[in-house]
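work07.cif (mmCIF, C-alpha atoms and all ligand atoms)
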```cif
data_start
#
loop_
_atom_site.label_atom_id
_atom_site.label_comp_id
_atom_site.auth_asym_id
_atom_site.auth_seq_id
_atom_site.Cartn_x
_atom_site.Cartn_y
_atom_site.Cartn_z
CA MET A 1 131.40 150.45 183.39
CA ARG A 2 132.37 154.14 183.52
CA ASN A 3 132.36 156.59 186.38
CA CYS A 4 132.14 160.38 186.32
CA ASP A 5 135.67 161.79 186.71
CA ARG A 6 134.39 164.70 188.80
CA CYS A 7 131.95 163.23 191.34
CA GLY A 8 132.61 159.52 190.83
CA SER A 9 129.01 158.48 190.32
CA ARG A 10 128.20 155.72 187.86
CA LEU A 11 127.43 156.80 184.26
CA PRO A 12 124.66 155.13 182.27
CA GLU A 13 125.69 153.52 178.94
CA ASN A 14 125.92 156.02 176.03
CA SER A 15 125.54 158.93 178.39
CA GLN A 16 127.49 162.05 177.43
CA ARG A 17 127.08 163.85 180.72
CA CYS A 18 126.97 162.84 184.34
CA PRO A 19 123.31 162.73 185.49
CA LEU A 20 124.33 163.88 188.97
CA CYS A 21 126.76 166.79 188.50
CA ASP A 22 126.27 167.46 184.77
CA SER A 23 130.01 167.19 184.14
CA MET A 24 131.15 166.24 180.61
CA THR A 25 132.61 162.85 179.89
CA GLU A 26 136.19 162.71 178.60
CA ASN A 27 134.90 161.98 175.12
CA GLU A 28 132.52 164.93 175.11
CA ARG A 29 135.25 167.18 176.49
CA GLU A 30 137.58 166.15 173.65
CA VAL A 31 134.88 166.91 171.06
CA TYR A 32 134.25 170.32 172.65
CA ARG A 33 137.97 171.16 172.70
CA THR A 34 138.53 170.12 169.09
CA SER A 35 135.43 171.86 167.78
CA SER A 36 136.36 175.04 169.69
CA LYS A 37 139.77 175.07 167.98
CA ILE A 38 138.24 174.50 164.54
CA ILE A 39 135.52 177.12 165.04
CA PHE A 40 138.03 179.69 166.31
CA ALA A 41 140.43 179.05 163.41
CA SER A 42 137.64 179.40 160.82
CA VAL A 43 136.13 182.56 162.30
CA PHE A 44 139.61 184.07 162.74
CA ALA A 45 140.48 183.38 159.08
CA ILE A 46 137.25 184.93 157.78
CA THR A 47 137.56 187.96 160.07
CA VAL A 48 141.17 188.60 159.02
CA LEU A 49 140.11 188.38 155.36
CA HIS A 50 137.43 190.91 156.16
CA ALA A 51 139.97 193.21 157.81
CA LEU A 52 142.30 192.85 154.80
CA PHE A 53 139.44 193.84 152.53
CA TYR A 54 138.91 197.03 154.55
CA ILE A 55 142.58 197.85 154.52
CA PHE A 56 142.70 197.33 150.75
CA ASN A 57 139.61 199.51 150.41
CA CYS A 58 141.27 202.15 152.60
CA SER A 59 144.25 202.61 150.27
CA TYR A 60 141.80 202.96 147.38
CA GLU A 61 139.76 205.61 149.22
CA ILE A 62 142.80 207.59 150.31
CA MET A 63 144.20 207.52 146.74
CA ARG A 64 140.84 208.78 145.59
CA ILE A 65 140.69 211.71 147.97
CA LEU A 66 144.28 212.65 147.07
CA THR A 67 143.44 212.58 143.35
CA VAL A 68 139.95 214.03 143.38
CA GLY A 69 140.49 216.32 146.36
CA GLU A 70 137.66 218.71 147.18
CA SER A 71 135.15 217.05 144.88
CA TYR A 72 135.53 213.70 146.62
CA ARG A 73 132.28 212.12 147.74
CA PRO A 74 131.49 208.98 149.69
CA PRO A 75 131.66 205.90 147.44
CA SER A 76 127.95 205.31 147.68
CA VAL A 77 124.84 204.97 145.55
CA PHE A 78 123.14 206.25 148.68
CA ILE A 79 124.42 209.73 147.87
CA GLU A 80 123.20 209.60 144.25
CA PHE A 81 119.84 208.29 145.38
CA THR A 82 119.32 211.12 147.84
CA HIS A 83 120.89 213.82 145.61
CA ASN A 84 122.79 214.56 148.75
CA LYS A 85 125.83 216.72 148.06
CA LEU A 86 127.90 215.53 150.95
CA PHE A 87 131.64 215.71 150.79
CA LEU A 88 134.18 213.83 152.82
CA ASN A 89 137.26 215.57 154.10
CA VAL A 90 140.70 214.03 154.55
CA THR A 91 140.33 213.64 158.33
CA THR A 92 137.11 211.68 158.03
CA VAL A 93 138.49 209.47 155.28
CA ILE A 94 141.59 208.71 157.34
CA ILE A 95 139.53 207.84 160.45
CA MET A 96 136.85 205.85 158.58
CA TYR A 97 138.98 204.06 156.03
CA GLY A 98 142.43 204.12 157.63
CA LEU A 99 142.29 204.10 161.42
CA LEU A 100 139.21 201.89 161.77
CA PRO A 101 140.42 199.04 159.50
CA ALA A 102 143.85 199.16 161.19
CA ALA A 103 142.16 198.97 164.62
CA PHE A 104 140.01 196.08 163.41
CA MET A 105 143.10 194.19 162.23
CA SER A 106 144.90 194.86 165.55
CA TYR A 107 141.82 193.60 167.41
CA ASN A 108 142.05 190.31 165.47
CA LEU A 109 145.75 189.93 166.20
CA ILE A 110 145.39 190.76 169.92
CA ILE A 111 142.51 188.30 170.28
CA LEU A 112 144.66 185.63 168.65
CA ALA A 113 147.67 186.29 170.88
CA ARG A 114 146.07 186.96 174.25
CA ASP A 115 143.31 185.31 176.25
CA ARG A 116 142.13 188.59 177.61
CA SER A 117 143.35 192.09 176.94
CA LYS A 118 142.07 195.55 177.76
CA PHE A 119 143.82 196.77 174.60
CA LEU A 120 140.94 195.23 172.67
CA ILE A 121 138.90 198.35 173.49
CA PHE A 122 141.06 200.29 171.00
CA PHE A 123 138.87 198.90 168.20
CA PRO A 124 135.43 199.88 169.57
CA ILE A 125 136.83 203.32 170.49
CA CYS A 126 137.98 203.82 166.88
CA GLY A 127 134.55 202.62 165.72
CA ILE A 128 132.83 205.29 167.81
CA ALA A 129 135.34 207.90 166.57
CA ALA A 130 134.57 206.95 162.95
CA GLU A 131 130.84 207.39 163.50
CA ALA A 132 131.38 210.71 165.29
CA ALA A 133 133.71 212.01 162.56
CA GLN A 134 131.23 211.06 159.87
CA LEU A 135 128.31 212.75 161.65
CA ALA A 136 130.32 215.83 162.62
CA GLN A 137 131.36 216.64 159.10
CA GLN A 138 127.88 216.04 157.73
CA CYS A 139 126.27 218.33 160.32
CA SER A 140 126.60 221.43 158.12
CA SER A 141 124.98 219.58 155.21
CA TYR A 142 122.16 218.42 157.48
CA ASP A 143 121.75 221.97 158.70
CA LEU A 144 121.51 223.23 155.11
CA ALA A 145 118.96 220.54 154.24
CA ILE A 146 116.79 221.55 157.19
CA GLN A 147 117.09 225.31 156.50
CA GLU A 148 116.19 224.89 152.85
CA LYS A 149 113.38 222.52 153.81
CA MET A 150 114.61 219.63 151.63
CA SER A 151 112.10 217.31 153.25
CA TYR A 152 113.08 214.33 151.05
CA LEU A 153 116.36 214.27 152.97
CA TYR A 154 114.81 214.15 156.46
CA ALA A 155 114.35 210.38 156.50
CA ILE A 156 117.93 209.90 155.30
CA ILE A 157 119.28 212.23 158.00
CA ALA A 158 117.21 210.45 160.66
CA MET A 159 118.53 207.09 159.44
CA ASP A 160 122.14 208.33 159.50
CA VAL A 161 121.79 209.62 163.05
CA LEU A 162 119.96 206.49 164.27
CA SER A 163 122.54 204.24 162.65
CA ALA A 164 125.40 206.18 164.30
CA LEU A 165 123.64 205.95 167.68
CA LEU A 166 123.05 202.20 167.35
CA ILE A 167 126.67 201.55 166.37
CA THR A 168 127.89 203.73 169.25
CA GLY A 169 125.66 201.77 171.63
CA PHE A 170 126.97 198.47 170.25
CA PHE A 171 130.59 199.54 170.74
CA ALA A 172 129.85 200.94 174.22
CA VAL A 173 128.51 197.53 175.27
CA MET A 174 131.55 195.85 173.70
CA ILE A 175 133.91 198.12 175.69
CA ARG A 176 132.05 197.23 178.88
CA PHE A 177 132.29 193.50 178.13
CA ILE A 178 136.00 193.70 177.38
CA LEU A 179 136.77 195.67 180.55
CA ARG A 180 134.76 193.29 182.72
CA GLY A 181 136.10 190.10 181.15
CA TYR A 182 133.55 188.96 178.64
CA SER A 183 131.56 185.73 178.88
CA ILE A 184 130.06 183.56 176.15
CA SER A 185 126.48 184.48 177.01
CA GLN A 186 127.32 188.20 177.00
CA SER A 187 129.05 188.09 173.63
CA ARG A 188 126.20 186.03 172.16
CA TRP A 189 123.98 189.09 172.60
CA LEU A 190 126.55 191.15 170.78
CA ILE A 191 126.45 188.69 167.87
CA VAL A 192 122.66 188.94 167.73
CA ALA A 193 122.84 192.77 167.76
CA GLY A 194 125.59 192.77 165.09
CA PHE A 195 123.68 190.33 162.91
CA VAL A 196 120.41 192.30 163.06
CA PHE A 197 122.24 195.51 162.21
CA VAL A 198 124.32 194.15 159.32
CA PHE A 199 121.41 192.14 157.90
CA ALA A 200 119.13 195.21 158.03
CA ARG A 201 121.73 197.19 156.06
CA VAL A 202 122.01 194.44 153.47
CA LEU A 203 118.23 194.37 153.10
CA ILE A 204 118.00 198.16 152.83
CA LYS A 205 120.74 198.15 150.21
CA PHE A 206 119.09 195.47 148.13
CA THR A 207 115.56 196.81 148.32
CA LEU A 208 116.09 200.58 148.16
CA TYR A 209 118.99 201.03 145.80
CA ASP A 210 119.59 199.74 142.35
CA ASP A 211 123.01 198.56 143.29
CA ASN A 212 124.95 196.51 140.77
CA GLY A 213 128.01 195.75 142.81
CA ILE A 214 127.95 195.18 146.52
CA ALA A 215 131.74 194.89 146.79
CA PRO A 216 132.63 198.59 146.25
CA ASN A 217 130.26 199.54 149.06
CA PHE A 218 131.01 196.55 151.22
CA SER A 219 132.50 198.59 154.04
CA GLU A 220 129.21 200.44 154.46
CA LEU A 221 127.49 197.25 155.54
CA LYS A 222 129.52 197.50 158.77
CA GLY A 223 130.25 193.79 158.70
CA TYR A 224 133.02 194.35 161.25
CA LEU A 225 130.35 194.67 163.95
CA LEU A 226 129.26 191.09 163.39
CA PHE A 227 132.75 189.68 162.85
CA SER A 228 134.27 191.32 165.92
CA ALA A 229 131.42 190.09 168.18
CA THR A 230 131.65 186.56 166.78
CA LEU A 231 135.41 186.48 167.23
CA LEU A 232 135.01 187.56 170.87
CA ASN A 233 132.53 184.72 171.40
CA VAL A 234 134.52 181.92 169.79
CA LYS A 235 137.69 183.02 171.59
CA LYS A 236 135.82 182.76 174.89
CA ARG A 237 134.63 179.27 173.90
CA LEU A 238 138.24 178.30 173.14
CA ILE A 239 139.38 179.56 176.55
CA THR A 240 136.53 177.73 178.30
CA SER A 241 137.32 174.49 176.45
CA LYS A 242 140.84 174.49 177.93
CA THR A 243 139.57 174.71 181.49
CA LEU A 244 137.02 171.87 181.31
ZN ZN B 1 129.42 163.58 188.11
#
```
Here is a file; write its structure as C-alpha cells.
Ligand SMILES: [Zn+2]
Amino acid sequence: MRNCDRCGSRLPENSQRCPLCDSMTENEREVYRTSSKIIFASVFAITVLHALFYIFNCSYEIMRILTVGESYRPPSVFIEFTHNKLFLNVTTVIIMYGLLPAAFMSYNLIILARDRSKFLIFFPICGIAAEAAQLAQQCSSYDLAIQEKMSYLYAIIAMDVLSALLITGFFAVMIRFILRGYSISQSRWLIVAGFVFVFARVLIKFTLYDDNGIAPNFSELKGYLLFSATLLNVKKRLITSKTL
C-alpha cells in the first residue's frame, strides 16, 4: 500500500501519479531527474561540439580574408549560383565568424554554470548584430542589382532580407524569454521555430544547389538557432527536475 507524499491519498497499484493531486510518485520523480541530467549532458555535448566547429571555421575564414584580402567572397555556392559579386569585408567576417561563435560558446558555458543569467542575452544580441552587419554591407550590391535591373537576383535579395528578419525575430523572442526567466513551454516554441528555419535551409541547400560538401558551408545553415533553443529548454527541465 502506497500513499501520495504530497496529499496523502491512497495510490492505486502501478500508478505513476496521484489521481487526486497529480503529483509524481518517488519512482517517477527519480526517472525524471535522471533523464533530465542525461538529456542535458547530451544536448550540452552536441552544442559545444557545434560551437567548436564554428570557432574552427572562424579561424579558417579570418585566415582567408587576410590572405585573399579584397577579393574575398563568402564561402558559398550560393554566390556562384546567383553570379552575385558580393564581397565580405573584415568587419563583417569578424562579427559573423569570430564574435558570433565566441558568443555562442559563452552562452553554452553560462548555461552550464548558472541556472539563470541575464548575460545569456549576449549571444542573441551578437546574432542580430551578425545579421545586420551582413545585410548592411550587402546593401550597396543590392542597390546595384536593382539599378541595373538584374531581375534574377531579386528573389535572392528578398530571401536574404526575409531570412535576416526571421533570425532577428527569433533572437528578439529569445532575449525576451531570457530576461523574463524562461519556461519549458516558452522555449519549446523556440525549438520549433529553430527547427523549421534550419530544416528549410537544409532543404533549400539540397534542392537548389549542386552542393558536394555540406561541411564547408555548415555555418550557413544557422544550426546555432536550433541548438541554443534546445539547450535553453533542457536546462529548464533540469532545473525543474530538482524542485519536484
Ligand atoms: Zn496526491
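Going from atom CA of Gly127 of chain A over to atom CA of Leu179 of chain A, you cover 16.5 Å.
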Env of segment 40-45 of chain A: 9 Å cut, atoms = only C-alpha atoms, seq-sep filter 3 positions within chain, self excluded. Answer as a tab-separated table (two decimals) with C-alpha atoms, in the coordinates of the input.
```tsv
chain	number	residue	atom	x	y	z
A	35	SER	CA	135.43	171.86	167.78
A	36	SER	CA	136.36	175.04	169.69
A	37	LYS	CA	139.77	175.07	167.98
A	48	VAL	CA	141.17	188.60	159.02
A	49	LEU	CA	140.11	188.38	155.36
A	50	HIS	CA	137.43	190.91	156.16
A	108	ASN	CA	142.05	190.31	165.47
A	112	LEU	CA	144.66	185.63	168.65
A	227	PHE	CA	132.75	189.68	162.85
A	230	THR	CA	131.65	186.56	166.78
A	231	LEU	CA	135.41	186.48	167.23
A	234	VAL	CA	134.52	181.92	169.79
A	235	LYS	CA	137.69	183.02	171.59
A	237	ARG	CA	134.63	179.27	173.90
A	238	LEU	CA	138.24	178.30	173.14
```
Would you mind listing, for every residue of chain A within 12 Å of ligand ZN 1 (chain B), the two atoms forming the shortest contact and the distance between them in Å to one decimal, using all atoms listed in the file, sorted by chain and ascending residue number, as CSV?
```
residue,atom,partner,partner_atom,distance
A:Arg2,CA,B:ZN1,ZN,10.9
A:Asn3,CA,B:ZN1,ZN,7.8
A:Cys4,CA,B:ZN1,ZN,4.6
A:Asp5,CA,B:ZN1,ZN,6.7
A:Arg6,CA,B:ZN1,ZN,5.1
A:Cys7,CA,B:ZN1,ZN,4.1
A:Gly8,CA,B:ZN1,ZN,5.8
A:Ser9,CA,B:ZN1,ZN,5.6
A:Arg10,CA,B:ZN1,ZN,8.0
A:Leu11,CA,B:ZN1,ZN,8.0
A:Pro12,CA,B:ZN1,ZN,11.3
A:Ser15,CA,B:ZN1,ZN,11.5
A:Gln16,CA,B:ZN1,ZN,11.0
A:Arg17,CA,B:ZN1,ZN,7.8
A:Cys18,CA,B:ZN1,ZN,4.6
A:Pro19,CA,B:ZN1,ZN,6.7
A:Leu20,CA,B:ZN1,ZN,5.2
A:Cys21,CA,B:ZN1,ZN,4.2
A:Asp22,CA,B:ZN1,ZN,6.0
A:Ser23,CA,B:ZN1,ZN,5.4
A:Met24,CA,B:ZN1,ZN,8.1
A:Thr25,CA,B:ZN1,ZN,8.8
A:Glu26,CA,B:ZN1,ZN,11.7
```
Could you check how far atom CA of Trp189 of chain A sits from atom CA of Gln134 of chain A, in Å to one decimal? 26.4 Å
Using all atoms listed in the file: which of A:Leu221, A:Leu232, A:Phe56, A:Phe197 has the shortest distance to Tyr107 of chain A: A:Leu232
Tyr97 of chain A surroundings by all atoms listed in the file, 7 Å radius, close-in-sequence under 4 positions cut, as a PyMOL selection string: chain A and resi 58+93+101
Of the candidates A:Met105, A:Leu162, A:Met174, A:Met1, which one gets nearest to Ile46 of chain A if we count all atoms listed in the file? A:Met105
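Straight-line separation from atom CA of Ser59 of chain A to atom CA of Gly169 of chain A: 28.3 Å.
In this comparison, which uses all atoms listed in the file, the residue of A:Leu100, A:Ala200, A:Ile39, A:Ala158 approaching Phe122 of chain A most closely is A:Leu100.
If you measure from each of A:Met150, A:Phe206, A:Gly98, A:Phe170 to Asn57 of chain A using all atoms listed in the file, the closest one turns out to be A:Gly98.
For the choices A:Gly223, A:Arg64, A:Leu120, A:Tyr32, the atom-to-atom distance to Ile167 of chain A is smallest for A:Gly223 when using all atoms listed in the file.
Comparing the minimum interatomic distances between Leu135 of chain A and each of A:Thr207, A:Ser151, A:Phe171, A:Ala164, counting all atoms listed in the file, we find that A:Ala164 sits nearest.
Near Leu226 of chain A, within a cut-off of 9 Å and counting only C-alpha atoms, sit the residues A:Leu190, A:Ile191, A:Val192, A:Ala193, A:Gly194, A:Phe195, A:Val196, A:Phe197, A:Val198, with same-chain residues fewer than 6 positions away left out.
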Padded axis-aligned box of segment 153-169 of chain A (4 Å per side), centre and edge lengths, Å, one decimal, as lines of an AutoDock Vina configuration file:
```
center_x = 121.1
center_y = 207.9
center_z = 162.3
size_x = 21.5
size_y = 20.7
size_z = 26.7
```
